[in-house]
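Enquirer: Data: upload.pdb, PDB, N, CA and C atoms, pLDDT in the B column.
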```pdb
ATOM      1  N   MET Z 363       0.848  -1.178   0.000  1.00 61.00           N
ATOM      2  CA  MET Z 363       0.000   0.000   0.000  1.00 61.00           C
ATOM      3  C   MET Z 363       0.894   1.242   0.000  1.00 61.00           C
ATOM      4  N   LEU Z 364       0.536   2.211  -0.817  1.00 73.00           N
ATOM      5  CA  LEU Z 364       1.348   3.411  -0.974  1.00 73.00           C
ATOM      6  C   LEU Z 364       0.714   4.578  -0.222  1.00 73.00           C
ATOM      7  N   PHE Z 365       1.518   5.232   0.591  1.00 78.00           N
ATOM      8  CA  PHE Z 365       1.079   6.430   1.289  1.00 78.00           C
ATOM      9  C   PHE Z 365       1.974   7.580   0.868  1.00 78.00           C
ATOM     10  N   MET Z 366       1.392   8.766   0.720  1.00 82.00           N
ATOM     11  CA  MET Z 366       2.202   9.931   0.393  1.00 82.00           C
ATOM     12  C   MET Z 366       1.789  11.088   1.293  1.00 82.00           C
ATOM     13  N   ALA Z 367       2.670  12.027   1.423  1.00 86.00           N
ATOM     14  CA  ALA Z 367       2.404  13.201   2.256  1.00 86.00           C
ATOM     15  C   ALA Z 367       1.258  14.013   1.642  1.00 86.00           C
ATOM     16  N   LEU Z 368       0.475  14.647   2.507  1.00 84.00           N
ATOM     17  CA  LEU Z 368      -0.666  15.424   2.029  1.00 84.00           C
ATOM     18  C   LEU Z 368      -0.274  16.552   1.069  1.00 84.00           C
ATOM     19  N   PRO Z 369       0.776  17.322   1.349  1.00 87.00           N
ATOM     20  CA  PRO Z 369       1.135  18.379   0.389  1.00 87.00           C
ATOM     21  C   PRO Z 369       1.518  17.825  -0.985  1.00 87.00           C
ATOM     22  N   TYR Z 370       2.219  16.708  -0.995  1.00 88.00           N
ATOM     23  CA  TYR Z 370       2.597  16.096  -2.267  1.00 88.00           C
ATOM     24  C   TYR Z 370       1.358  15.553  -2.989  1.00 88.00           C
ATOM     25  N   HIS Z 371       0.466  14.923  -2.244  1.00 86.00           N
ATOM     26  CA  HIS Z 371      -0.784  14.424  -2.814  1.00 86.00           C
ATOM     27  C   HIS Z 371      -1.593  15.569  -3.417  1.00 86.00           C
ATOM     28  N   LEU Z 372      -1.648  16.671  -2.705  1.00 87.00           N
ATOM     29  CA  LEU Z 372      -2.361  17.851  -3.185  1.00 87.00           C
ATOM     30  C   LEU Z 372      -1.715  18.381  -4.470  1.00 87.00           C
ATOM     31  N   TYR Z 373      -0.402  18.422  -4.497  1.00 86.00           N
ATOM     32  CA  TYR Z 373       0.312  18.877  -5.694  1.00 86.00           C
ATOM     33  C   TYR Z 373      -0.008  17.986  -6.897  1.00 86.00           C
ATOM     34  N   ILE Z 374       0.018  16.679  -6.696  1.00 86.00           N
ATOM     35  CA  ILE Z 374      -0.288  15.740  -7.778  1.00 86.00           C
ATOM     36  C   ILE Z 374      -1.707  15.948  -8.285  1.00 86.00           C
ATOM     37  N   LEU Z 375      -2.664  16.072  -7.371  1.00 86.00           N
ATOM     38  CA  LEU Z 375      -4.058  16.236  -7.789  1.00 86.00           C
ATOM     39  C   LEU Z 375      -4.266  17.527  -8.571  1.00 86.00           C
ATOM     40  N   PHE Z 376      -3.680  18.634  -8.105  1.00 84.00           N
ATOM     41  CA  PHE Z 376      -3.835  19.904  -8.806  1.00 84.00           C
ATOM     42  C   PHE Z 376      -3.058  19.924 -10.127  1.00 84.00           C
ATOM     43  N   ASN Z 377      -1.861  19.391 -10.115  1.00 86.00           N
ATOM     44  CA  ASN Z 377      -1.010  19.435 -11.297  1.00 86.00           C
ATOM     45  C   ASN Z 377      -1.558  18.560 -12.428  1.00 86.00           C
ATOM     46  N   GLU Z 378      -2.045  17.378 -12.097  1.00 84.00           N
ATOM     47  CA  GLU Z 378      -2.529  16.446 -13.109  1.00 84.00           C
ATOM     48  C   GLU Z 378      -4.010  16.657 -13.440  1.00 84.00           C
ATOM     49  N   HIS Z 379      -4.682  17.512 -12.700  1.00 80.00           N
ATOM     50  CA  HIS Z 379      -6.116  17.762 -12.875  1.00 80.00           C
ATOM     51  C   HIS Z 379      -6.913  16.457 -12.830  1.00 80.00           C
ATOM     52  N   LEU Z 380      -6.537  15.581 -11.892  1.00 77.00           N
ATOM     53  CA  LEU Z 380      -7.209  14.289 -11.784  1.00 77.00           C
ATOM     54  C   LEU Z 380      -8.618  14.452 -11.232  1.00 77.00           C
ATOM     55  N   SER Z 381      -8.712  15.086 -10.089  1.00 82.00           N
ATOM     56  CA  SER Z 381     -10.020  15.296  -9.482  1.00 82.00           C
ATOM     57  C   SER Z 381      -9.936  16.532  -8.603  1.00 82.00           C
ATOM     58  N   MET Z 382     -10.607  17.571  -9.006  1.00 85.00           N
ATOM     59  CA  MET Z 382     -10.561  18.803  -8.230  1.00 85.00           C
ATOM     60  C   MET Z 382     -11.295  18.638  -6.903  1.00 85.00           C
ATOM     61  N   ASN Z 383     -12.329  17.797  -6.866  1.00 88.00           N
ATOM     62  CA  ASN Z 383     -13.034  17.565  -5.598  1.00 88.00           C
ATOM     63  C   ASN Z 383     -12.106  16.928  -4.567  1.00 88.00           C
ATOM     64  N   TYR Z 384     -11.314  15.936  -4.994  1.00 87.00           N
ATOM     65  CA  TYR Z 384     -10.360  15.312  -4.083  1.00 87.00           C
ATOM     66  C   TYR Z 384      -9.260  16.296  -3.683  1.00 87.00           C
ATOM     67  N   ALA Z 385      -8.880  17.149  -4.602  1.00 86.00           N
ATOM     68  CA  ALA Z 385      -7.850  18.142  -4.299  1.00 86.00           C
ATOM     69  C   ALA Z 385      -8.345  19.119  -3.232  1.00 86.00           C
ATOM     70  N   TYR Z 386      -9.574  19.593  -3.374  1.00 89.00           N
ATOM     71  CA  TYR Z 386     -10.125  20.508  -2.374  1.00 89.00           C
ATOM     72  C   TYR Z 386     -10.333  19.809  -1.030  1.00 89.00           C
ATOM     73  N   ALA Z 387     -10.742  18.558  -1.066  1.00 89.00           N
ATOM     74  CA  ALA Z 387     -10.908  17.802   0.176  1.00 89.00           C
ATOM     75  C   ALA Z 387      -9.563  17.594   0.867  1.00 89.00           C
ATOM     76  N   THR Z 388      -8.533  17.303   0.083  1.00 88.00           N
ATOM     77  CA  THR Z 388      -7.194  17.133   0.646  1.00 88.00           C
ATOM     78  C   THR Z 388      -6.694  18.443   1.251  1.00 88.00           C
ATOM     79  N   ALA Z 389      -6.942  19.549   0.570  1.00 90.00           N
ATOM     80  CA  ALA Z 389      -6.531  20.852   1.093  1.00 90.00           C
ATOM     81  C   ALA Z 389      -7.259  21.155   2.401  1.00 90.00           C
ATOM     82  N   LEU Z 390      -8.537  20.829   2.468  1.00 93.00           N
ATOM     83  CA  LEU Z 390      -9.303  21.054   3.691  1.00 93.00           C
ATOM     84  C   LEU Z 390      -8.760  20.210   4.842  1.00 93.00           C
ATOM     85  N   VAL Z 391      -8.465  18.949   4.577  1.00 92.00           N
ATOM     86  CA  VAL Z 391      -7.892  18.077   5.611  1.00 92.00           C
ATOM     87  C   VAL Z 391      -6.557  18.626   6.081  1.00 92.00           C
ATOM     88  N   LEU Z 392      -5.731  19.090   5.161  1.00 92.00           N
ATOM     89  CA  LEU Z 392      -4.420  19.649   5.519  1.00 92.00           C
ATOM     90  C   LEU Z 392      -4.566  20.891   6.388  1.00 92.00           C
ATOM     91  N   VAL Z 393      -5.481  21.780   6.040  1.00 94.00           N
ATOM     92  CA  VAL Z 393      -5.699  23.001   6.825  1.00 94.00           C
ATOM     93  C   VAL Z 393      -6.237  22.651   8.215  1.00 94.00           C
ATOM     94  N   ILE Z 394      -7.163  21.722   8.296  1.00 96.00           N
ATOM     95  CA  ILE Z 394      -7.718  21.327   9.596  1.00 96.00           C
ATOM     96  C   ILE Z 394      -6.638  20.693  10.464  1.00 96.00           C
ATOM     97  N   LEU Z 395      -5.806  19.836   9.876  1.00 94.00           N
ATOM     98  CA  LEU Z 395      -4.710  19.239  10.644  1.00 94.00           C
ATOM     99  C   LEU Z 395      -3.752  20.300  11.172  1.00 94.00           C
ATOM    100  N   LEU Z 396      -3.413  21.270  10.341  1.00 95.00           N
ATOM    101  CA  LEU Z 396      -2.515  22.337  10.782  1.00 95.00           C
ATOM    102  C   LEU Z 396      -3.134  23.169  11.899  1.00 95.00           C
ATOM    103  N   LEU Z 397      -4.425  23.452  11.797  1.00 97.00           N
ATOM    104  CA  LEU Z 397      -5.102  24.196  12.861  1.00 97.00           C
ATOM    105  C   LEU Z 397      -5.102  23.414  14.170  1.00 97.00           C
ATOM    106  N   ILE Z 398      -5.384  22.128  14.104  1.00 98.00           N
ATOM    107  CA  ILE Z 398      -5.396  21.302  15.311  1.00 98.00           C
ATOM    108  C   ILE Z 398      -4.013  21.256  15.945  1.00 98.00           C
ATOM    109  N   ILE Z 399      -2.975  21.094  15.140  1.00 97.00           N
ATOM    110  CA  ILE Z 399      -1.614  21.042  15.678  1.00 97.00           C
ATOM    111  C   ILE Z 399      -1.234  22.373  16.313  1.00 97.00           C
ATOM    112  N   ASN Z 400      -1.600  23.486  15.683  1.00 98.00           N
ATOM    113  CA  ASN Z 400      -1.285  24.798  16.243  1.00 98.00           C
ATOM    114  C   ASN Z 400      -2.044  25.057  17.536  1.00 98.00           C
ATOM    115  N   ILE Z 401      -3.309  24.693  17.586  1.00 98.00           N
ATOM    116  CA  ILE Z 401      -4.093  24.870  18.814  1.00 98.00           C
ATOM    117  C   ILE Z 401      -3.528  24.007  19.926  1.00 98.00           C
ATOM    118  N   LEU Z 402      -3.152  22.776  19.607  1.00 98.00           N
ATOM    119  CA  LEU Z 402      -2.550  21.897  20.606  1.00 98.00           C
ATOM    120  C   LEU Z 402      -1.231  22.467  21.122  1.00 98.00           C
ATOM    121  N   ALA Z 403      -0.408  23.019  20.234  1.00 97.00           N
ATOM    122  CA  ALA Z 403       0.868  23.612  20.647  1.00 97.00           C
ATOM    123  C   ALA Z 403       0.650  24.821  21.552  1.00 97.00           C
ATOM    124  N   LEU Z 404      -0.315  25.656  21.218  1.00 97.00           N
ATOM    125  CA  LEU Z 404      -0.624  26.812  22.075  1.00 97.00           C
ATOM    126  C   LEU Z 404      -1.125  26.373  23.440  1.00 97.00           C
ATOM    127  N   TRP Z 405      -1.963  25.345  23.464  1.00 97.00           N
ATOM    128  CA  TRP Z 405      -2.490  24.843  24.728  1.00 97.00           C
ATOM    129  C   TRP Z 405      -1.373  24.251  25.585  1.00 97.00           C
ATOM    130  N   LEU Z 406      -0.482  23.472  24.961  1.00 96.00           N
ATOM    131  CA  LEU Z 406       0.637  22.893  25.707  1.00 96.00           C
ATOM    132  C   LEU Z 406       1.586  23.976  26.218  1.00 96.00           C
ATOM    133  N   ASN Z 407       1.781  25.033  25.438  1.00 96.00           N
ATOM    134  CA  ASN Z 407       2.637  26.137  25.863  1.00 96.00           C
ATOM    135  C   ASN Z 407       2.042  26.847  27.071  1.00 96.00           C
ATOM    136  N   SER Z 408       0.740  27.100  27.038  1.00 95.00           N
ATOM    137  CA  SER Z 408       0.112  27.765  28.183  1.00 95.00           C
ATOM    138  C   SER Z 408       0.116  26.857  29.405  1.00 95.00           C
ATOM    139  N   LEU Z 409      -0.044  25.563  29.195  1.00 94.00           N
ATOM    140  CA  LEU Z 409       0.011  24.613  30.310  1.00 94.00           C
ATOM    141  C   LEU Z 409       1.404  24.591  30.927  1.00 94.00           C
ATOM    142  N   GLN Z 410       2.433  24.609  30.090  1.00 94.00           N
ATOM    143  CA  GLN Z 410       3.802  24.610  30.581  1.00 94.00           C
ATOM    144  C   GLN Z 410       4.090  25.911  31.348  1.00 94.00           C
ATOM    145  N   GLU Z 411       3.629  27.038  30.840  1.00 92.00           N
ATOM    146  CA  GLU Z 411       3.848  28.301  31.541  1.00 92.00           C
ATOM    147  C   GLU Z 411       3.145  28.299  32.889  1.00 92.00           C
ATOM    148  N   ARG Z 412       1.945  27.713  32.937  1.00 91.00           N
ATOM    149  CA  ARG Z 412       1.205  27.655  34.192  1.00 91.00           C
ATOM    150  C   ARG Z 412       1.953  26.775  35.207  1.00 91.00           C
ATOM    151  N   ILE Z 413       2.508  25.645  34.734  1.00 90.00           N
ATOM    152  CA  ILE Z 413       3.237  24.749  35.640  1.00 90.00           C
ATOM    153  C   ILE Z 413       4.540  25.397  36.106  1.00 90.00           C
ATOM    154  N   ASN Z 414       5.267  26.040  35.216  1.00 90.00           N
ATOM    155  CA  ASN Z 414       6.535  26.666  35.577  1.00 90.00           C
ATOM    156  C   ASN Z 414       6.335  27.945  36.403  1.00 90.00           C
ATOM    157  N   GLY Z 415       5.184  28.568  36.282  1.00 82.00           N
ATOM    158  CA  GLY Z 415       4.915  29.788  37.015  1.00 82.00           C
ATOM    159  C   GLY Z 415       4.603  29.568  38.473  1.00 82.00           C
ATOM    160  N   ARG Z 416       4.234  28.373  38.840  1.00 64.00           N
ATOM    161  CA  ARG Z 416       3.858  28.093  40.238  1.00 64.00           C
ATOM    162  C   ARG Z 416       5.006  27.714  41.081  1.00 64.00           C
TER     163      ARG Z 416
END
```
Just give me the structure of the file as structure tokens.
Expert:
Amino acid sequence: MLFMALPYHLYILFNEHLSMNYAYATALVLVILLLIINILALWLNSLQERINGR
């Protein structure tokens, strides 16, 4: 089974014009993943500051 990174998959879909619906869905998944990772990092940073501040 072949797995590829989301940005590369998105590039292939847009470049080859295979399926624009899949390309937009992949872009949405990538943006949501990035938002979740950033929110988690901010939450962990505030948690660490709270622990170190006490």
Enquirer: For CA of Leu392 in chain Z and atom C of Phe365 in chain Z, determine how far apart the two atoms are, in Å to one decimal place.
Expert: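 Between CA of Leu392 in chain Z and atom C of Phe365 in chain Z the gap works out to 14.4 Å.
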Enquirer: I'd like the interatomic distance between CA of Ile401 in chain Z and atom C of Ile374 in chain Z, to a tenth of an Å.
Expert: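 A separation of 28.6 Å between them.
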Enquirer: How many Å separate CA of Ala403 in chain Z from CA of Ala385 in chain Z?
Expert: 27.0 Å
Enquirer: Could you pull the residues within 8 Å of Phe376 in chain Z, counting only N, CA and C atoms, minus those fewer than 6 positions along the same chain, as a list in words?
Expert: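 The neighbour list is Tyr370, Met382, Tyr384, Ala385 and Tyr386 of chain Z.
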Enquirer: Each side padded by 3 Å, which centre and which edge lengths in Å (one decimal) define the axis-aligned box around the listed atoms of range 366-373 of chain Z? Give them as JSON.
Expert:
```
{"center_x": 0.2, "center_y": 13.8, "center_z": -2.2, "size_x": 11.0, "size_y": 16.1, "size_z": 15.4}
```
Enquirer: Write out as a list in words the residues lying within 7 Å of Leu372 in chain Z, counting all atoms listed in the file and excluding same-chain residues fewer than 3 positions away.
Expert: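 Residues near the query, excluding close chain neighbours: Ala367, Leu368, Pro369, Leu375, Phe376, Asn377, Ala385, Thr388 and Ala389 of chain Z.
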Enquirer: Among chain Z, which residues does DSSP mark as helix (DSSP H, G or I) when it is run on the backbone? Keep the chain and numbering as in the structure and answer as a compact mmCIF listing (two decimals) with N, CA and C atoms, in the coordinates of the input.
Expert:
```txt
# COMPACT_ATOMS: atom_id res chain seq x y z
N LEU Z 368 0.48 14.65 2.51
CA LEU Z 368 -0.67 15.42 2.03
C LEU Z 368 -0.27 16.55 1.07
N PRO Z 369 0.78 17.32 1.35
CA PRO Z 369 1.14 18.38 0.39
C PRO Z 369 1.52 17.82 -0.98
N TYR Z 370 2.22 16.71 -1.00
CA TYR Z 370 2.60 16.10 -2.27
C TYR Z 370 1.36 15.55 -2.99
N HIS Z 371 0.47 14.92 -2.24
CA HIS Z 371 -0.78 14.42 -2.81
C HIS Z 371 -1.59 15.57 -3.42
N LEU Z 372 -1.65 16.67 -2.70
CA LEU Z 372 -2.36 17.85 -3.18
C LEU Z 372 -1.72 18.38 -4.47
N TYR Z 373 -0.40 18.42 -4.50
CA TYR Z 373 0.31 18.88 -5.69
C TYR Z 373 -0.01 17.99 -6.90
N ILE Z 374 0.02 16.68 -6.70
CA ILE Z 374 -0.29 15.74 -7.78
C ILE Z 374 -1.71 15.95 -8.28
N LEU Z 375 -2.66 16.07 -7.37
CA LEU Z 375 -4.06 16.24 -7.79
C LEU Z 375 -4.27 17.53 -8.57
N PHE Z 376 -3.68 18.63 -8.10
CA PHE Z 376 -3.84 19.90 -8.81
C PHE Z 376 -3.06 19.92 -10.13
N ASN Z 377 -1.86 19.39 -10.12
CA ASN Z 377 -1.01 19.43 -11.30
C ASN Z 377 -1.56 18.56 -12.43
N GLU Z 378 -2.04 17.38 -12.10
CA GLU Z 378 -2.53 16.45 -13.11
C GLU Z 378 -4.01 16.66 -13.44
N MET Z 382 -10.61 17.57 -9.01
CA MET Z 382 -10.56 18.80 -8.23
C MET Z 382 -11.30 18.64 -6.90
N ASN Z 383 -12.33 17.80 -6.87
CA ASN Z 383 -13.03 17.57 -5.60
C ASN Z 383 -12.11 16.93 -4.57
N TYR Z 384 -11.31 15.94 -4.99
CA TYR Z 384 -10.36 15.31 -4.08
C TYR Z 384 -9.26 16.30 -3.68
N ALA Z 385 -8.88 17.15 -4.60
CA ALA Z 385 -7.85 18.14 -4.30
C ALA Z 385 -8.35 19.12 -3.23
N TYR Z 386 -9.57 19.59 -3.37
CA TYR Z 386 -10.12 20.51 -2.37
C TYR Z 386 -10.33 19.81 -1.03
N ALA Z 387 -10.74 18.56 -1.07
CA ALA Z 387 -10.91 17.80 0.18
C ALA Z 387 -9.56 17.59 0.87
N THR Z 388 -8.53 17.30 0.08
CA THR Z 388 -7.19 17.13 0.65
C THR Z 388 -6.69 18.44 1.25
N ALA Z 389 -6.94 19.55 0.57
CA ALA Z 389 -6.53 20.85 1.09
C ALA Z 389 -7.26 21.16 2.40
N LEU Z 390 -8.54 20.83 2.47
CA LEU Z 390 -9.30 21.05 3.69
C LEU Z 390 -8.76 20.21 4.84
N VAL Z 391 -8.46 18.95 4.58
CA VAL Z 391 -7.89 18.08 5.61
C VAL Z 391 -6.56 18.63 6.08
N LEU Z 392 -5.73 19.09 5.16
CA LEU Z 392 -4.42 19.65 5.52
C LEU Z 392 -4.57 20.89 6.39
N VAL Z 393 -5.48 21.78 6.04
CA VAL Z 393 -5.70 23.00 6.82
C VAL Z 393 -6.24 22.65 8.22
N ILE Z 394 -7.16 21.72 8.30
CA ILE Z 394 -7.72 21.33 9.60
C ILE Z 394 -6.64 20.69 10.46
N LEU Z 395 -5.81 19.84 9.88
CA LEU Z 395 -4.71 19.24 10.64
C LEU Z 395 -3.75 20.30 11.17
N LEU Z 396 -3.41 21.27 10.34
CA LEU Z 396 -2.52 22.34 10.78
C LEU Z 396 -3.13 23.17 11.90
N LEU Z 397 -4.42 23.45 11.80
CA LEU Z 397 -5.10 24.20 12.86
C LEU Z 397 -5.10 23.41 14.17
N ILE Z 398 -5.38 22.13 14.10
CA ILE Z 398 -5.40 21.30 15.31
C ILE Z 398 -4.01 21.26 15.94
N ILE Z 399 -2.98 21.09 15.14
CA ILE Z 399 -1.61 21.04 15.68
C ILE Z 399 -1.23 22.37 16.31
N ASN Z 400 -1.60 23.49 15.68
CA ASN Z 400 -1.28 24.80 16.24
C ASN Z 400 -2.04 25.06 17.54
N ILE Z 401 -3.31 24.69 17.59
CA ILE Z 401 -4.09 24.87 18.81
C ILE Z 401 -3.53 24.01 19.93
N LEU Z 402 -3.15 22.78 19.61
CA LEU Z 402 -2.55 21.90 20.61
C LEU Z 402 -1.23 22.47 21.12
N ALA Z 403 -0.41 23.02 20.23
CA ALA Z 403 0.87 23.61 20.65
C ALA Z 403 0.65 24.82 21.55
N LEU Z 404 -0.32 25.66 21.22
CA LEU Z 404 -0.62 26.81 22.08
C LEU Z 404 -1.12 26.37 23.44
N TRP Z 405 -1.96 25.34 23.46
CA TRP Z 405 -2.49 24.84 24.73
C TRP Z 405 -1.37 24.25 25.58
N LEU Z 406 -0.48 23.47 24.96
CA LEU Z 406 0.64 22.89 25.71
C LEU Z 406 1.59 23.98 26.22
N ASN Z 407 1.78 25.03 25.44
CA ASN Z 407 2.64 26.14 25.86
C ASN Z 407 2.04 26.85 27.07
N SER Z 408 0.74 27.10 27.04
CA SER Z 408 0.11 27.76 28.18
C SER Z 408 0.12 26.86 29.40
N LEU Z 409 -0.04 25.56 29.20
CA LEU Z 409 0.01 24.61 30.31
C LEU Z 409 1.40 24.59 30.93
N GLN Z 410 2.43 24.61 30.09
CA GLN Z 410 3.80 24.61 30.58
C GLN Z 410 4.09 25.91 31.35
N GLU Z 411 3.63 27.04 30.84
CA GLU Z 411 3.85 28.30 31.54
C GLU Z 411 3.14 28.30 32.89
N ARG Z 412 1.94 27.71 32.94
CA ARG Z 412 1.20 27.66 34.19
C ARG Z 412 1.95 26.78 35.21
N ILE Z 413 2.51 25.64 34.73
CA ILE Z 413 3.24 24.75 35.64
C ILE Z 413 4.54 25.40 36.11
N ASN Z 414 5.27 26.04 35.22
CA ASN Z 414 6.54 26.67 35.58
C ASN Z 414 6.34 27.94 36.40
N GLY Z 415 5.18 28.57 36.28
CA GLY Z 415 4.92 29.79 37.02
C GLY Z 415 4.60 29.57 38.47
```
